[in-house]
$ cat query01.pdb   # PDB, C-alpha atoms
ATOM      1  CA  MET A   1      -8.428  -3.449  11.757
ATOM      2  CA  LYS A   2      -6.214  -0.927   9.991
ATOM      3  CA  ARG A   3      -5.542  -1.384   6.291
ATOM      4  CA  ILE A   4      -2.387  -1.176   4.189
ATOM      5  CA  VAL A   5      -3.466  -0.634   0.595
ATOM      6  CA  LEU A   6      -1.199  -1.287  -2.360
ATOM      7  CA  ALA A   7      -2.515   0.418  -5.488
ATOM      8  CA  CYS A   8      -1.123  -0.822  -8.779
ATOM      9  CA  ALA A   9      -1.798  -1.289 -12.478
ATOM     10  CA  ALA A  10      -2.718  -4.940 -13.012
ATOM     11  CA  GLY A  11      -2.012  -6.587  -9.682
ATOM     12  CA  MET A  12      -0.160  -9.804 -10.514
ATOM     13  CA  SER A  13       3.237  -9.059  -8.987
ATOM     14  CA  THR A  14       1.659  -6.799  -6.374
ATOM     15  CA  SER A  15      -0.404  -9.720  -5.080
ATOM     16  CA  MET A  16       2.848 -11.640  -4.530
ATOM     17  CA  VAL A  17       4.238  -8.669  -2.574
ATOM     18  CA  VAL A  18       1.037  -8.624  -0.495
ATOM     19  CA  THR A  19       1.435 -12.317   0.356
ATOM     20  CA  ARG A  20       5.008 -11.760   1.533
ATOM     21  CA  MET A  21       3.979  -8.681   3.521
ATOM     22  CA  GLU A  22       1.190 -10.646   5.235
ATOM     23  CA  LYS A  23       3.628 -13.392   6.246
ATOM     24  CA  GLU A  24       6.068 -10.820   7.603
ATOM     25  CA  ALA A  25       3.341  -8.959   9.512
ATOM     26  CA  ALA A  26       2.150 -12.239  11.056
ATOM     27  CA  ALA A  27       5.716 -13.148  12.052
ATOM     28  CA  ARG A  28       6.007  -9.773  13.800
ATOM     29  CA  GLY A  29       2.630 -10.128  15.504
ATOM     30  CA  LEU A  30       1.174  -7.154  13.622
ATOM     31  CA  SER A  31      -2.491  -6.958  12.772
ATOM     32  CA  TYR A  32      -3.090  -5.204   9.453
ATOM     33  CA  GLN A  33      -5.330  -6.041   6.547
ATOM     34  CA  ILE A  34      -2.949  -5.860   3.572
ATOM     35  CA  TYR A  35      -4.295  -6.000   0.033
ATOM     36  CA  ALA A  36      -3.898  -4.693  -3.504
ATOM     37  CA  ILE A  37      -6.386  -2.759  -5.605
ATOM     38  CA  PRO A  38      -6.294  -1.219  -9.079
ATOM     39  CA  GLU A  39      -4.926   2.316  -8.791
ATOM     40  CA  GLN A  40      -8.002   3.770 -10.509
ATOM     41  CA  ASN A  41     -10.169   2.490  -7.604
ATOM     42  CA  LEU A  42      -8.217   4.326  -4.895
ATOM     43  CA  GLY A  43     -10.679   7.194  -4.484
ATOM     44  CA  GLU A  44     -13.560   4.783  -3.953
ATOM     45  CA  GLU A  45     -11.485   2.681  -1.542
ATOM     46  CA  LEU A  46     -10.643   5.716   0.590
ATOM     47  CA  GLN A  47     -14.291   6.786   0.575
ATOM     48  CA  ASN A  48     -15.560   3.336   1.575
ATOM     49  CA  TYR A  49     -12.985   2.751   4.303
ATOM     50  CA  ALA A  50     -12.370   6.245   5.650
ATOM     51  CA  GLY A  51     -10.588   6.004   8.973
ATOM     52  CA  GLU A  52      -9.456   2.417   8.375
ATOM     53  CA  VAL A  53      -6.814   2.949   5.681
ATOM     54  CA  ALA A  54      -3.515   3.574   7.483
ATOM     55  CA  VAL A  55      -1.292   3.978   4.411
ATOM     56  CA  VAL A  56      -1.340   3.688   0.632
ATOM     57  CA  LEU A  57       1.619   2.409  -1.360
ATOM     58  CA  LEU A  58       1.669   2.826  -5.131
ATOM     59  CA  GLY A  59       3.252   0.197  -7.323
ATOM     60  CA  PRO A  60       6.323   1.483  -9.169
ATOM     61  CA  GLN A  61       4.523   1.057 -12.495
ATOM     62  CA  VAL A  62       2.035   3.816 -11.515
ATOM     63  CA  ARG A  63       4.529   6.157  -9.830
ATOM     64  CA  PHE A  64       3.586   8.854 -12.351
ATOM     65  CA  LYS A  65       0.174   9.053 -10.653
ATOM     66  CA  LEU A  66       1.608   9.930  -7.219
ATOM     67  CA  ALA A  67       0.719  13.643  -7.310
ATOM     68  CA  GLU A  68      -2.825  12.925  -8.483
ATOM     69  CA  ASN A  69      -3.395  10.303  -5.792
ATOM     70  CA  LYS A  70      -1.732  12.402  -3.086
ATOM     71  CA  LYS A  71      -4.629  14.851  -3.419
ATOM     72  CA  LEU A  72      -7.026  11.998  -2.601
ATOM     73  CA  THR A  73      -5.006  10.650   0.316
ATOM     74  CA  ASP A  74      -4.335  14.121   1.745
ATOM     75  CA  HIS A  75      -8.091  14.710   1.830
ATOM     76  CA  HIS A  76      -8.423  11.584   4.007
ATOM     77  CA  GLN A  77      -5.205  12.297   5.968
ATOM     78  CA  VAL A  78      -3.569   9.082   4.776
ATOM     79  CA  PRO A  79       0.147   8.908   3.924
ATOM     80  CA  ILE A  80       1.109   7.728   0.440
ATOM     81  CA  ALA A  81       4.385   6.768  -1.246
ATOM     82  CA  VAL A  82       5.688   4.757  -4.163
ATOM     83  CA  ILE A  83       6.926   1.300  -3.215
ATOM     84  CA  ASP A  84      10.703   1.054  -3.277
ATOM     85  CA  THR A  85      11.465  -0.297  -6.752
ATOM     86  CA  GLN A  86      14.139  -2.747  -5.627
ATOM     87  CA  ALA A  87      11.990  -4.131  -2.803
ATOM     88  CA  TYR A  88       9.070  -4.494  -5.216
ATOM     89  CA  GLY A  89      11.175  -6.173  -7.902
ATOM     90  CA  THR A  90      12.649  -8.687  -5.473
ATOM     91  CA  LEU A  91       9.287  -9.281  -3.732
ATOM     92  CA  ASN A  92      10.851  -8.218  -0.431
ATOM     93  CA  GLY A  93       7.734  -8.156   1.725
ATOM     94  CA  ALA A  94       9.696  -7.259   4.859
ATOM     95  CA  LYS A  95      11.186  -4.146   3.280
ATOM     96  CA  VAL A  96       7.854  -3.013   1.815
ATOM     97  CA  LEU A  97       6.187  -3.588   5.199
ATOM     98  CA  ASP A  98       8.927  -1.526   6.851
ATOM     99  CA  GLN A  99       8.271   1.254   4.351
ATOM    100  CA  ALA A 100       4.538   1.174   5.136
ATOM    101  CA  LEU A 101       5.118   1.167   8.898
ATOM    102  CA  ALA A 102       7.549   4.077   8.660
ATOM    103  CA  LEU A 103       4.846   6.113   6.916
ATOM    104  CA  ILE A 104       2.229   5.163   9.507
ATOM    105  CA  ASN A 105       4.463   6.098  12.432
TER     106      ASN A 105
END

$ encode --input "query01.pdb" --output "structure tokens"
Amino acid sequence: MKRIVLACAAGMSTSMVVTRMEKEAAARGLSYQIYAIPEQNLGEELQNYAGEVAVVLLGPQVRFKLAENKKLTDHHQVPIAVIDTQAYGTLNGAKVLDQALALIN
């Protein structure tokens, strides 16, 4: 199963976004493992699940680490972007899922 990884600082609000994304993916009949990890663990995550990670989305609170993490994701040929701030702030799982899918396709 392909993975959508959300990398963030602490994870509290990101876990709520994940829950909404999972519900939206299920409603659309999509099969992705969607979960959040601490941003500092991204390199290890990509190493452990090489070939399974379809996309990485950074929480807006760690947007300043995009360039650093892009080097990691480029090495594994995985797209990365910062989650749309408004979608994140309103816990709009559908919009964040759309963002992830647009990067995958």

$ atom_distance --input "query01.pdb" --atom1 "CA of Tyr49 (chain A)" --atom2 "CA of Gly89 (chain A)"
28.5 Å

$ resolve_selection --input "query01.pdb" --expression "the PyMOL selection byres ((chain A and resi 102-104) around 7)" --output "PyMOL selection string"
chain A and resi 54-55+79+98-101+105

$ residues_around --input "query01.pdb" --residues "Pro60 (chain A)" --least-positions-apart "4" --cutoff "9 Å" --atoms "only C-alpha atoms" --output "mmCIF file with C-alpha atoms, keeping the file's coordinate frame"
data_model
loop_
_atom_site.group_PDB
_atom_site.id
_atom_site.type_symbol
_atom_site.label_atom_id
_atom_site.label_comp_id
_atom_site.auth_asym_id
_atom_site.auth_seq_id
_atom_site.Cartn_x
_atom_site.Cartn_y
_atom_site.Cartn_z
ATOM 1 C CA CYS A 8 -1.123 -0.822 -8.779
ATOM 2 C CA PHE A 64 3.586 8.854 -12.351
ATOM 3 C CA VAL A 82 5.688 4.757 -4.163
ATOM 4 C CA ILE A 83 6.926 1.300 -3.215
ATOM 5 C CA ASP A 84 10.703 1.054 -3.277
ATOM 6 C CA THR A 85 11.465 -0.297 -6.752
ATOM 7 C CA TYR A 88 9.070 -4.494 -5.216
#

$ resolve_selection --input "query01.pdb" --expression "the PyMOL selection byres ((chain A and resi 4) around 10)" --output "PyMOL selection string"
chain A and resi 1-3+5-7+18+21+32-36+52-57+97+100-101+104

$ atom_distance --input "query01.pdb" --atom1 "CA of Gly93 (chain A)" --atom2 "CA of Ala50 (chain A)"
25.0 Å

$ atom_distance --input "query01.pdb" --atom1 "CA of Val17 (chain A)" --atom2 "CA of Leu91 (chain A)"
5.2 Å

$ closest_residue --input "query01.pdb" --among "A:Thr73, A:Pro38, A:Ala87, A:Asn92" --to "Lys23 (chain A)" --atoms "all atoms listed in the file"
A:Asn92

$ residues_around --input "query01.pdb" --residues "region 65-69 of chain A" --least-positions-apart "2" --cutoff "9 Å" --atoms "only C-alpha atoms" --output "PyMOL selection string"
chain A and resi 39+42-43+58+62-63+71-74+80-82

$ axis_aligned_box --input "query01.pdb" --around "region 8-23 of chain A" --padding-each-side "3 Å" --output "lines of an AutoDock Vina configuration file"
center_x = 1.1
center_y = -7.1
center_z = -3.4
size_x = 13.7
size_y = 18.6
size_z = 25.3

$ closest_residue --input "query01.pdb" --among "A:Ala25, A:Leu46, A:Val78, A:Ile37" --to "Lys95 (chain A)" --atoms "all atoms listed in the file"
A:Ala25

$ closest_residue --input "query01.pdb" --among "A:Thr19, A:His75, A:Arg28, A:Thr14" --to "Gln47 (chain A)" --atoms "all atoms listed in the file"
A:His75

$ build_atoms --input "query01.pdb" --residues "region 22-36 of chain A" --atoms "N, CA and C atoms" --output "PDB file, in the frame of the given file"
ATOM      1  N   GLU A  22       2.073 -10.018   4.240  1.00  0.00           N
ATOM      2  CA  GLU A  22       1.190 -10.646   5.235  1.00  0.00           C
ATOM      3  C   GLU A  22       1.961 -11.632   6.102  1.00  0.00           C
ATOM      4  N   LYS A  23       2.820 -12.428   5.482  1.00  0.00           N
ATOM      5  CA  LYS A  23       3.628 -13.392   6.246  1.00  0.00           C
ATOM      6  C   LYS A  23       4.548 -12.669   7.218  1.00  0.00           C
ATOM      7  N   GLU A  24       5.163 -11.589   6.756  1.00  0.00           N
ATOM      8  CA  GLU A  24       6.068 -10.820   7.603  1.00  0.00           C
ATOM      9  C   GLU A  24       5.310 -10.157   8.758  1.00  0.00           C
ATOM     10  N   ALA A  25       4.152  -9.592   8.462  1.00  0.00           N
ATOM     11  CA  ALA A  25       3.341  -8.959   9.512  1.00  0.00           C
ATOM     12  C   ALA A  25       2.933  -9.995  10.562  1.00  0.00           C
ATOM     13  N   ALA A  26       2.537 -11.180  10.124  1.00  0.00           N
ATOM     14  CA  ALA A  26       2.150 -12.239  11.056  1.00  0.00           C
ATOM     15  C   ALA A  26       3.337 -12.655  11.918  1.00  0.00           C
ATOM     16  N   ALA A  27       4.513 -12.767  11.301  1.00  0.00           N
ATOM     17  CA  ALA A  27       5.716 -13.148  12.052  1.00  0.00           C
ATOM     18  C   ALA A  27       6.067 -12.110  13.114  1.00  0.00           C
ATOM     19  N   ARG A  28       5.720 -10.853  12.850  1.00  0.00           N
ATOM     20  CA  ARG A  28       6.007  -9.773  13.800  1.00  0.00           C
ATOM     21  C   ARG A  28       4.858  -9.548  14.783  1.00  0.00           C
ATOM     22  N   GLY A  29       3.781 -10.292  14.624  1.00  0.00           N
ATOM     23  CA  GLY A  29       2.630 -10.128  15.504  1.00  0.00           C
ATOM     24  C   GLY A  29       1.838  -8.867  15.235  1.00  0.00           C
ATOM     25  N   LEU A  30       1.900  -8.372  13.999  1.00  0.00           N
ATOM     26  CA  LEU A  30       1.174  -7.154  13.622  1.00  0.00           C
ATOM     27  C   LEU A  30      -0.168  -7.518  12.999  1.00  0.00           C
ATOM     28  N   SER A  31      -1.149  -6.694  13.266  1.00  0.00           N
ATOM     29  CA  SER A  31      -2.491  -6.958  12.772  1.00  0.00           C
ATOM     30  C   SER A  31      -2.925  -5.865  11.794  1.00  0.00           C
ATOM     31  N   TYR A  32      -2.677  -6.108  10.523  1.00  0.00           N
ATOM     32  CA  TYR A  32      -3.090  -5.204   9.453  1.00  0.00           C
ATOM     33  C   TYR A  32      -3.767  -6.019   8.368  1.00  0.00           C
ATOM     34  N   GLN A  33      -4.759  -5.441   7.743  1.00  0.00           N
ATOM     35  CA  GLN A  33      -5.330  -6.041   6.547  1.00  0.00           C
ATOM     36  C   GLN A  33      -4.537  -5.453   5.381  1.00  0.00           C
ATOM     37  N   ILE A  34      -3.824  -6.295   4.655  1.00  0.00           N
ATOM     38  CA  ILE A  34      -2.949  -5.860   3.572  1.00  0.00           C
ATOM     39  C   ILE A  34      -3.506  -6.412   2.275  1.00  0.00           C
ATOM     40  N   TYR A  35      -3.729  -5.532   1.298  1.00  0.00           N
ATOM     41  CA  TYR A  35      -4.295  -6.000   0.033  1.00  0.00           C
ATOM     42  C   TYR A  35      -3.988  -5.018  -1.089  1.00  0.00           C
ATOM     43  N   ALA A  36      -4.156  -5.503  -2.314  1.00  0.00           N
ATOM     44  CA  ALA A  36      -3.898  -4.693  -3.504  1.00  0.00           C
ATOM     45  C   ALA A  36      -5.212  -4.382  -4.221  1.00  0.00           C
TER      46      ALA A  36
END
